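Q: Input my_file.txt, format and content: compact mmCIF, C-alpha atoms and all ligand atoms.
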# COMPACT_ATOMS: atom_id res chain seq x y z
CA MET A 1187 116.47 93.89 85.02
CA LYS A 1188 119.76 94.29 83.20
CA GLN A 1189 122.92 94.40 85.26
CA LEU A 1190 124.13 97.65 86.75
CA ASP A 1191 127.31 99.12 85.39
CA VAL A 1192 128.86 99.93 88.75
CA ASN A 1193 131.60 102.00 87.18
CA GLY A 1194 129.52 103.75 84.54
CA ALA A 1195 127.21 106.72 84.17
CA ASP A 1196 124.23 104.37 84.30
CA LEU A 1197 124.75 103.57 87.97
CA TYR A 1198 122.60 106.31 89.53
CA PRO A 1199 119.61 106.04 87.17
CA GLN A 1200 119.66 102.31 87.82
CA LEU A 1201 119.89 102.74 91.58
CA ARG A 1202 116.88 105.03 91.23
CA GLU A 1203 115.08 102.15 89.52
CA VAL A 1204 116.12 99.77 92.32
CA ALA A 1205 114.63 102.18 94.89
CA ALA A 1206 111.40 102.40 92.88
CA VAL A 1207 111.15 98.59 92.72
CA LEU A 1208 111.79 98.35 96.48
CA TYR A 1209 109.03 100.83 97.31
CA LYS A 1210 106.37 98.90 95.38
CA LYS A 1211 107.70 95.56 96.62
CA ALA A 1212 107.62 96.63 100.28
CA LEU A 1213 103.99 97.77 99.94
CA THR A 1214 102.77 94.65 98.12
CA ASP A 1215 105.01 91.67 98.91
CA LEU A 1216 105.09 91.01 102.66
CA PRO A 1217 108.16 89.18 104.01
CA PRO A 1218 107.77 85.40 104.51
CA ASP A 1219 108.29 85.69 108.28
CA VAL A 1220 105.37 88.13 108.52
CA ARG A 1221 103.15 85.91 106.36
CA ARG A 1222 104.01 82.93 108.55
CA SER A 1223 103.24 84.89 111.72
CA VAL A 1224 99.83 85.95 110.41
CA ASP A 1225 99.02 82.34 109.43
CA GLU A 1226 100.09 81.00 112.83
CA ALA A 1227 98.06 83.62 114.67
CA ARG A 1228 95.05 82.74 112.51
CA GLU A 1229 95.37 79.14 113.68
CA ARG A 1230 95.49 80.28 117.31
CA GLU A 1231 92.83 82.95 117.54
CA GLU A 1232 89.06 82.52 117.54
CA GLY A 1233 86.02 84.77 117.40
CA LEU A 1234 86.38 88.37 116.27
CA ALA A 1235 90.17 88.29 116.47
CA GLY A 1236 90.27 85.14 114.34
CA ARG A 1237 87.98 86.73 111.78
CA ARG A 1238 90.17 89.84 111.66
CA LEU A 1239 93.21 87.66 111.03
CA GLU A 1240 91.30 85.90 108.27
CA VAL A 1241 90.81 89.32 106.66
CA MET A 1242 94.58 89.91 106.92
CA VAL A 1243 95.25 86.57 105.20
CA LYS A 1244 92.83 87.49 102.40
CA THR A 1245 94.35 90.94 102.09
CA ILE A 1246 97.80 89.45 101.56
CA ARG A 1247 96.39 87.07 98.96
CA THR A 1248 94.57 89.87 97.15
CA SER A 1249 97.75 91.93 97.02
CA ASP A 1250 99.64 88.92 95.61
CA ASP A 1251 96.97 88.40 92.94
CA THR A 1252 96.39 92.02 91.92
CA GLY A 1253 99.47 94.03 92.90
CA ILE A 1254 97.27 96.35 94.97
CA ILE A 1255 99.09 97.59 98.06
CA VAL A 1256 98.34 95.72 101.31
CA CYS A 1257 97.25 98.87 103.15
CA GLN A 1258 96.35 102.33 101.91
CA ASP A 1259 99.16 103.92 103.94
CA THR A 1260 102.19 104.35 101.70
CA GLY A 1261 104.21 105.25 104.79
CA ILE A 1262 107.23 107.44 105.36
CA CYS A 1263 110.23 105.87 103.65
CA VAL A 1264 113.29 104.92 105.69
CA PHE A 1265 116.35 103.42 103.98
CA PHE A 1266 119.10 101.51 105.75
CA VAL A 1267 122.10 101.26 103.42
CA ARG A 1268 125.33 99.35 103.94
CA ILE A 1269 128.10 100.33 101.54
CA GLY A 1270 131.02 97.99 101.09
CA THR A 1271 134.18 100.07 100.94
CA GLY A 1272 135.05 98.17 97.74
CA PHE A 1273 131.82 99.22 96.04
CA PRO A 1274 132.37 102.32 93.92
CA VAL A 1275 129.55 104.69 94.81
CA ASN A 1276 129.30 108.38 95.66
CA PRO A 1277 127.13 108.45 98.83
CA ALA A 1278 125.63 111.88 98.04
CA LYS A 1279 124.55 110.74 94.57
CA LEU A 1280 123.25 107.50 96.05
CA VAL A 1281 120.98 109.40 98.47
CA THR A 1282 119.66 111.51 95.59
CA ALA A 1283 118.98 108.36 93.53
CA LEU A 1284 117.04 106.79 96.41
CA ARG A 1285 114.88 109.91 96.80
CA GLU A 1286 114.24 110.03 93.06
CA GLY A 1287 113.30 106.35 93.09
CA ILE A 1288 110.60 106.98 95.70
CA ALA A 1289 109.19 109.80 93.58
CA LEU A 1290 109.37 107.62 90.47
CA ALA A 1291 107.46 104.74 92.10
CA SER A 1292 104.85 107.17 93.45
CA GLU A 1293 104.13 108.43 89.96
CA ARG A 1294 104.41 105.06 88.23
CA HIS A 1295 102.01 103.27 90.59
CA ALA A 1296 99.84 106.28 91.56
CA LEU A 1297 100.79 105.80 95.21
CA ARG A 1298 99.15 108.14 97.70
CA SER A 1299 101.59 110.86 98.69
CA SER A 1300 101.77 110.71 102.47
CA ILE A 1301 104.57 113.27 102.99
CA VAL A 1302 103.96 116.91 103.97
CA HIS A 1303 105.75 119.94 105.41
CA PRO A 1304 105.35 119.69 109.21
CA LEU A 1305 103.79 123.17 109.56
CA THR A 1306 102.28 124.22 106.23
CA ARG A 1307 101.26 120.62 105.35
CA GLU A 1308 102.39 121.28 101.75
CA ASN A 1309 102.43 117.98 99.82
CA ARG A 1310 104.70 117.55 96.79
CA GLN A 1311 102.64 114.54 95.71
CA ASP A 1312 105.69 112.31 95.31
CA ASN A 1313 106.28 110.96 98.84
CA THR A 1314 109.44 113.03 99.27
CA GLY A 1315 110.48 116.30 100.87
CA PRO A 1316 113.48 117.70 102.75
CA GLY A 1317 114.69 114.91 105.03
CA VAL A 1318 112.38 112.33 103.42
CA PRO A 1319 113.17 109.61 102.62
CA GLU A 1320 115.28 109.18 105.73
CA VAL A 1321 118.55 107.48 104.76
CA HIS A 1322 120.89 105.74 107.20
CA LEU A 1323 124.32 105.02 105.73
CA ASP A 1324 126.67 102.45 107.17
CA PHE A 1325 129.97 101.16 105.82
CA VAL A 1326 131.36 97.63 105.62
CA ASP A 1327 135.14 97.60 105.66
CA GLY A 1328 136.37 95.46 102.78
CA GLY A 1329 132.85 94.72 101.51
CA GLU A 1330 132.18 94.75 97.78
CA GLU A 1331 128.39 94.99 97.80
CA LEU A 1332 125.77 97.65 98.25
CA GLU A 1333 122.89 96.57 100.49
CA ILE A 1334 119.70 98.62 100.51
CA LEU A 1335 116.81 97.97 102.91
CA LEU A 1336 113.62 100.02 102.66
CA VAL A 1337 110.93 100.31 105.32
CA PRO A 1338 107.97 102.52 104.32
CA LYS A 1339 106.74 103.01 107.88
CA GLY A 1340 102.98 103.42 108.32
CA SER A 1341 101.87 106.33 110.48
CA GLY A 1342 99.58 104.23 112.66
CA SER A 1343 102.58 102.39 114.02
CA GLU A 1344 105.18 105.18 113.79
CA ASN A 1345 102.89 107.47 115.80
CA MET A 1346 103.19 104.90 118.58
CA SER A 1347 106.85 105.69 119.26
CA PHE A 1348 108.14 106.31 122.76
CA LEU A 1349 111.31 107.42 124.52
CA ARG A 1350 112.00 107.79 128.21
CA MET A 1351 115.24 108.57 129.99
CA LEU A 1352 114.86 106.15 132.91
CA SER A 1353 117.13 106.25 135.92
CA PRO A 1354 119.84 103.59 136.27
CA ALA A 1355 118.16 102.74 139.59
CA ASP A 1356 115.06 101.65 137.64
CA GLY A 1357 117.10 98.68 136.36
CA THR A 1358 115.76 95.90 134.17
CA ALA A 1359 112.42 95.88 135.99
CA GLY A 1360 111.94 99.52 135.06
CA VAL A 1361 112.76 98.76 131.42
CA LYS A 1362 110.23 95.92 131.30
CA GLY A 1363 107.54 98.01 132.97
CA TYR A 1364 108.08 100.90 130.58
CA VAL A 1365 107.88 98.70 127.47
CA LEU A 1366 104.66 97.16 128.73
CA ASP A 1367 103.21 100.60 129.54
CA CYS A 1368 103.99 101.72 125.97
CA VAL A 1369 102.26 98.70 124.43
CA ILE A 1370 99.19 99.24 126.63
CA GLU A 1371 99.09 102.95 125.82
CA ALA A 1372 99.36 102.17 122.09
CA GLY A 1373 96.48 99.68 122.36
CA PRO A 1374 94.87 98.99 118.97
CA ARG A 1375 96.29 102.07 117.24
CA PRO A 1376 99.42 100.49 115.67
CA CYS A 1377 97.26 97.74 114.06
CA PRO A 1378 98.29 94.70 116.10
CA PRO A 1379 99.60 92.03 116.01
CA THR A 1380 102.74 94.13 116.05
CA ILE A 1381 106.48 93.78 116.12
CA VAL A 1382 107.75 95.72 119.12
CA GLY A 1383 111.21 97.24 118.69
CA VAL A 1384 113.02 98.19 121.88
CA GLY A 1385 116.15 100.33 122.02
CA LEU A 1386 118.28 100.35 125.15
CA GLY A 1387 121.16 102.65 126.00
CA GLY A 1388 123.15 105.10 123.89
CA THR A 1389 122.03 108.73 123.76
CA ALA A 1390 118.39 109.78 123.34
CA ASP A 1391 118.42 109.86 119.52
CA GLN A 1392 120.65 106.80 119.28
CA CYS A 1393 118.24 104.89 121.53
CA ALA A 1394 115.28 105.80 119.29
CA ALA A 1395 117.26 104.66 116.23
CA LEU A 1396 118.06 101.35 117.93
CA ALA A 1397 114.34 100.75 118.54
CA LYS A 1398 113.67 101.37 114.84
CA LYS A 1399 116.53 99.05 113.88
CA ALA A 1400 115.04 96.35 116.12
CA ILE A 1401 111.88 96.09 114.01
CA LEU A 1402 113.94 95.28 110.90
CA ARG A 1403 114.97 91.83 112.12
CA PRO A 1404 112.84 88.97 110.70
CA VAL A 1405 109.99 88.18 113.07
CA GLY A 1406 111.07 86.04 115.96
CA GLU A 1407 114.76 85.85 115.05
CA PRO A 1408 116.28 86.10 118.52
CA HIS A 1409 119.07 88.48 119.46
CA PRO A 1410 122.42 86.64 119.21
CA GLU A 1411 123.24 87.31 122.88
CA PRO A 1412 121.40 84.84 125.15
CA ASP A 1413 120.63 87.41 127.88
CA ILE A 1414 119.04 89.80 125.39
CA ALA A 1415 117.17 86.95 123.68
CA ASP A 1416 115.82 85.95 127.09
CA LEU A 1417 114.67 89.52 127.74
CA GLU A 1418 112.91 89.49 124.35
CA ARG A 1419 111.06 86.28 125.29
CA GLN A 1420 110.01 87.69 128.68
CA LEU A 1421 108.78 90.90 127.09
CA LEU A 1422 106.81 89.04 124.40
CA THR A 1423 105.09 86.90 127.04
CA ALA A 1424 104.19 90.03 129.02
CA VAL A 1425 102.94 91.89 125.95
CA ASN A 1426 100.75 88.97 124.90
CA THR A 1427 99.13 88.77 128.32
CA THR A 1428 97.69 92.29 127.90
CA GLY A 1429 94.77 90.83 125.94
CA ILE A 1430 94.81 93.68 123.38
CA GLY A 1431 94.90 91.11 120.58
CA PRO A 1432 94.64 91.50 116.80
CA GLN A 1433 93.41 94.98 115.90
CA GLY A 1434 92.45 95.45 119.56
CA LEU A 1435 89.71 92.81 119.39
CA GLY A 1436 91.11 90.75 122.24
CA GLY A 1437 93.15 87.56 122.20
CA ALA A 1438 96.56 86.13 122.89
CA THR A 1439 98.40 87.69 119.93
CA THR A 1440 99.05 91.34 120.60
CA SER A 1441 102.54 91.05 119.10
CA PHE A 1442 104.34 88.61 116.86
CA ALA A 1443 107.69 89.45 118.42
CA VAL A 1444 109.65 91.79 120.66
CA HIS A 1445 113.14 92.61 119.40
CA VAL A 1446 115.76 94.43 121.47
CA GLU A 1447 118.87 96.27 120.26
CA TYR A 1448 121.27 98.05 122.59
CA ALA A 1449 124.30 100.29 122.90
CA TRP A 1450 126.35 101.04 125.99
CA THR A 1451 125.38 104.25 127.74
CA HIS A 1452 126.44 106.81 130.37
CA ILE A 1453 126.78 105.76 134.04
CA SER A 1454 123.95 108.09 135.02
CA MET A 1455 121.61 107.29 132.09
CA ASN A 1456 119.18 104.49 131.27
CA PRO A 1457 117.37 105.44 128.04
CA VAL A 1458 114.63 103.17 126.69
CA ALA A 1459 112.85 103.64 123.36
CA VAL A 1460 109.98 101.73 121.80
CA ASN A 1461 109.18 101.66 118.09
CA ILE A 1462 106.21 99.62 116.98
CA GLN A 1463 105.73 98.00 113.57
CA CYS A 1464 102.20 97.06 112.49
CA TRP A 1465 101.04 93.61 111.36
CA ARG A 1466 101.97 94.49 107.74
CA GLY A 1467 105.66 94.34 108.73
CA GLU A 1468 106.66 95.96 105.44
CA ARG A 1469 110.27 95.86 104.33
CA ALA A 1470 112.15 95.04 101.12
CA SER A 1471 115.83 94.79 100.33
CA ALA A 1472 118.20 94.71 97.40
CA THR A 1473 121.83 93.70 97.19
CA VAL A 1474 123.98 95.04 94.37
CA GLY A 1475 127.04 92.90 93.74
CA PRO A 1476 130.48 94.00 92.59
CA GLU A 1477 129.58 93.18 88.96
CA GLY A 1478 126.30 95.05 89.26
CA ALA A 1479 123.92 92.07 89.59
CA VAL A 1480 120.89 92.98 91.72
CA SER A 1481 119.10 90.49 93.96
CA TYR A 1482 115.92 91.36 95.81
CA GLY A 1483 114.83 90.09 99.20
CA TYR A 1484 113.28 91.28 102.48
S1 LIG B 1 99.58 100.99 111.01
FE1 LIG B 1 100.12 99.62 109.31
S2 LIG B 1 98.28 98.37 108.88
FE2 LIG B 1 97.67 100.13 110.19
S3 LIG B 1 96.95 101.69 108.75
FE3 LIG B 1 99.13 102.10 109.10
S4 LIG B 1 100.29 100.95 107.53
FE4 LIG B 1 98.17 100.19 107.57
Please express what this file holds, its structure, as structure tokens.
Ligand code: SF4
A:
Amino acid sequence: MKQLDVNGADLYPQLREVAAVLYKKALTDLPPDVRRSVDEAREREEGLAGRRLEVMVKTIRTSDDTGIIVCQDTGICVFFVRIGTGFPVNPAKLVTALREGIALASERHALRSSIVHPLTRENRQDNTGPGVPEVHLDFVDGGEELEILLVPKGSGSENMSFLRMLSPADGTAGVKGYVLDCVIEAGPRPCPPTIVGVGLGGTADQCAALAKKAILRPVGEPHPEPDIADLERQLLTAVNTTGIGPQGLGGATTSFAVHVEYAWTHISMNPVAVNIQCWRGERASATVGPEGAVSYGY
């Protein structure tokens, strides 16, 4: 791809192209940490669960060889964008370009349109609609790059989203118990082995967003704070003793990882949210440099 002209009229059409590339990439090119997790689970598991993991390995290989998407679910697109304050972009035009890129990729690759009006179920056939894709904008003071991360979230896993306003008296034990209850209630429906995102604190909607943010971290990369990393390890051990296993077929690998993100909260609140990512672990990223060079990653 030729370089972006970050100060020219070409910028938004080219950001649209970046979004289109990201959508196809996220659906076909699984991140290396997810691939590694599937391979390691395949080594561990036997019987039906092992055979299911073997199918996952072959599915990844087939997608690599043919460009066919890993799963039929094209998801609901969620962008996380970090804008360096030194990067010259109009945020409103950027959001429009991202939406147009999703529509462009849907047409170009004949991707199933998964997005509908919540009541009429009208489908525009381009994977967009009011509010979709969801775009989170963040700003990096002094930064000179534009970072774009796309997660086309499958419904099987996004339907397994939970929020509860616990009492402060419930403490850490209450948090652990709630997360485990959510994983058990979800059972095989989010296509395990999963990545379990946990949000703690904030307000109700902030807590849910933190849980979603938690699934973006590469599988198994611990939280930088030792206490939170320890909580993640304890939760993963508990989740993997449920015996749900790959695709609900039993085994020791219900989840590849549990990731926790938190914000401080009110003295009389203790919100906990859970957002589950399926085994596909889809995500793709692009970084646009100050000269317009684009590099793709995960
Ligand atoms: S939850 Fe994930 S693997 Fe399962 S059907 Fe949806 S996108 Fe596919």
Q: Using only C-alpha atoms, which of the listed residues (A:Thr1314, A:Ile1453, A:Val1458, A:Ser1223) sits closest to A:Tyr1364?
A: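 Of A:Thr1314, A:Ile1453, A:Val1458, A:Ser1223, the one nearest A:Tyr1364 is A:Val1458, counting only C-alpha atoms.
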Q: Once 3 Å is added on each side, what are the centre and the three edge lengths, in Å to one decimal, of the axis-aligned box enclosing the listed atoms of stretch 1358-1377 of chain A? Present them as AutoDock Vina command-line options.
A:
--center_x 105.3 --center_y 99.4 --center_z 125.0 --size_x 26.9 --size_y 13.1 --size_z 27.9
Q: So how many Å separate atom CA of A:Ser1299 and atom CA of A:Val1264, to one decimal?
A: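 Atom-to-atom, atom CA of A:Ser1299 and atom CA of A:Val1264 are spaced 14.9 Å apart.
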Q: What is the distance, in Å and to one decimal place, between atom CA of A:Leu1216 and atom CA of A:Thr1245?
A: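 Pair atom CA of A:Leu1216 / atom CA of A:Thr1245 returns 10.8 Å.
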Q: Just want the residues within 6 Å of ligand LIG 1 (chain B), written as JSON, numbers by chain, counting all atoms listed in the file.
A: {"A": [1257, 1259, 1340, 1341, 1342, 1343, 1376, 1377, 1464, 1466]}
Q: In Å, with one decimal, what is the gap from atom CA of A:Val1405 to atom CA of A:Asn1456?
A: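 Atom CA of A:Asn1456 lies 26.1 Å from atom CA of A:Val1405.
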Q: With distances taken over all atoms listed in the file, which residue among A:Ile1255, A:Ala1235, A:Ala1479, A:Ile1414 lies nearest A:Glu1331?
A: A:Ala1479
Q: Just checking: using only C-alpha atoms, which residue out of A:Val1220, A:Val1241, A:Ala1195, A:Ala1459 ends up closest to A:Met1351?
A: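 The answer is A:Ala1459, which sits nearest to A:Met1351.
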Q: Check the smallest atom-to-atom distance from each of A:Asp1219, A:Glu1203, A:Glu1308, A:Glu1320 to A:Trp1465 using all atoms listed in the file, then report the winner.
A: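 Of A:Asp1219, A:Glu1203, A:Glu1308, A:Glu1320, the one nearest A:Trp1465 is A:Asp1219, counting all atoms listed in the file.
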Q: Between A:Arg1294, A:Lys1339, A:Lys1244, A:Lys1398, which has the minimum distance to A:Ala1212 (counting all atoms listed in the file)?
A: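 Among the listed residues, A:Lys1339 lies closest to A:Ala1212.
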Q: Got a sec to check which residues sit within 10 Å of (124.4, 102.6, 136.4), counting all atoms listed in the file, and write them as a ChimeraX atom specification?
A: /A:1353-1357,1451-1456
Q: For A:Ser1481, which residue among A:Glu1333, A:Thr1428, A:Asp1250, A:Ala1291 is the nearest when counting all atoms listed in the file?
A: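 With all atoms listed in the file as the atom set, the closest residue is A:Glu1333.
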Q: Which residues are near stretch 1322-1330 of chain A? Cut-off 7 Å, only C-alpha atoms, ignore same chain within fewer than 6 positions. Put them as a PyMOL selection string.
A: chain A and resi 1265-1273+1475-1476
Q: Kindly provide, as a list of chain:residue names, the polymer residues lying within 9 Å of (111.1, 118.2, 102.5), counting all atoms listed in the file and using the coordinates exactly as they appear in the file.
A: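 Nearby residues: A:Ile1301, A:Val1302, A:His1303, A:Pro1304, A:Arg1310, A:Thr1314, A:Gly1315, A:Pro1316, A:Gly1317, A:Val1318, A:Pro1319.
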Q: Tell me which protein, DNA and RNA residues are within 10 Å of A:Gln1392, counting only C-alpha atoms, leaving out same-chain ones fewer than 6 positions away, and put them as a list in words.
A: Gly1385, Leu1386, Lys1398, Tyr1448, Ala1449, Pro1457 and Ala1459 of chain A
Q: Which residues come within 10 Å of A:Lys1211, counting only C-alpha atoms, excluding same-chain residues fewer than 3 positions away, as a PyMOL selection string?
A: chain A and resi 1205-1208+1214-1217+1253+1255+1336+1468-1471+1482-1484
Q: Just save stretch 1411-1430 of chain A with N, CA and C atoms, as a JSON list (two decimals), in the first residue's frame.
A:
[["chain", "number", "residue", "atom", "x", "y", "z"],
["A", 1411, "GLU", "N", 0.18, -4.83, 37.25],
["A", 1411, "GLU", "CA", 0.19, -4.75, 38.73],
["A", 1411, "GLU", "C", 0.14, -6.16, 39.30],
["A", 1412, "PRO", "N", 1.11, -6.52, 40.16],
["A", 1412, "PRO", "CA", 1.20, -7.90, 40.65],
["A", 1412, "PRO", "C", -0.08, -8.41, 41.31],
["A", 1413, "ASP", "N", -0.78, -7.58, 42.08],
["A", 1413, "ASP", "CA", -2.00, -8.05, 42.75],
["A", 1413, "ASP", "C", -3.08, -8.43, 41.74],
["A", 1414, "ILE", "N", -3.19, -7.62, 40.68],
["A", 1414, "ILE", "CA", -4.20, -7.91, 39.66],
["A", 1414, "ILE", "C", -3.79, -9.14, 38.85],
["A", 1415, "ALA", "N", -2.49, -9.24, 38.55],
["A", 1415, "ALA", "CA", -1.99, -10.41, 37.82],
["A", 1415, "ALA", "C", -2.25, -11.68, 38.63],
["A", 1416, "ASP", "N", -2.10, -11.58, 39.95],
["A", 1416, "ASP", "CA", -2.36, -12.74, 40.81],
["A", 1416, "ASP", "C", -3.85, -13.12, 40.78],
["A", 1417, "LEU", "N", -4.70, -12.10, 40.80],
["A", 1417, "LEU", "CA", -6.15, -12.36, 40.70],
["A", 1417, "LEU", "C", -6.47, -13.04, 39.37],
["A", 1418, "GLU", "N", -5.82, -12.59, 38.30],
["A", 1418, "GLU", "CA", -6.04, -13.22, 36.98],
["A", 1418, "GLU", "C", -5.66, -14.70, 37.02],
["A", 1419, "ARG", "N", -4.53, -15.00, 37.65],
["A", 1419, "ARG", "CA", -4.09, -16.41, 37.72],
["A", 1419, "ARG", "C", -5.08, -17.24, 38.52],
["A", 1420, "GLN", "N", -5.53, -16.70, 39.65],
["A", 1420, "GLN", "CA", -6.49, -17.44, 40.49],
["A", 1420, "GLN", "C", -7.79, -17.70, 39.74],
["A", 1421, "LEU", "N", -8.24, -16.67, 39.02],
["A", 1421, "LEU", "CA", -9.50, -16.82, 38.27],
["A", 1421, "LEU", "C", -9.35, -17.85, 37.15],
["A", 1422, "LEU", "N", -8.19, -17.82, 36.46],
["A", 1422, "LEU", "CA", -7.99, -18.79, 35.36],
["A", 1422, "LEU", "C", -7.99, -20.22, 35.90],
["A", 1423, "THR", "N", -7.32, -20.42, 37.04],
["A", 1423, "THR", "CA", -7.31, -21.76, 37.64],
["A", 1423, "THR", "C", -8.74, -22.20, 37.97],
["A", 1424, "ALA", "N", -9.52, -21.29, 38.55],
["A", 1424, "ALA", "CA", -10.90, -21.63, 38.92],
["A", 1424, "ALA", "C", -11.74, -21.94, 37.69],
["A", 1425, "VAL", "N", -11.59, -21.10, 36.66],
["A", 1425, "VAL", "CA", -12.37, -21.30, 35.43],
["A", 1425, "VAL", "C", -12.04, -22.65, 34.79],
["A", 1426, "ASN", "N", -10.76, -23.01, 34.82],
["A", 1426, "ASN", "CA", -10.36, -24.25, 34.15],
["A", 1426, "ASN", "C", -10.62, -25.50, 34.99],
["A", 1427, "THR", "N", -11.13, -25.31, 36.21],
["A", 1427, "THR", "CA", -11.56, -26.48, 36.98],
["A", 1427, "THR", "C", -13.06, -26.75, 36.78],
["A", 1428, "THR", "N", -13.73, -25.92, 35.99],
["A", 1428, "THR", "CA", -15.17, -26.15, 35.77],
["A", 1428, "THR", "C", -15.41, -27.38, 34.91],
["A", 1429, "GLY", "N", -14.40, -27.76, 34.10],
["A", 1429, "GLY", "CA", -14.55, -28.94, 33.25],
["A", 1429, "GLY", "C", -15.38, -28.70, 32.00],
["A", 1430, "ILE", "N", -15.74, -27.44, 31.71],
["A", 1430, "ILE", "CA", -16.53, -27.15, 30.50],
["A", 1430, "ILE", "C", -15.73, -27.59, 29.26]]
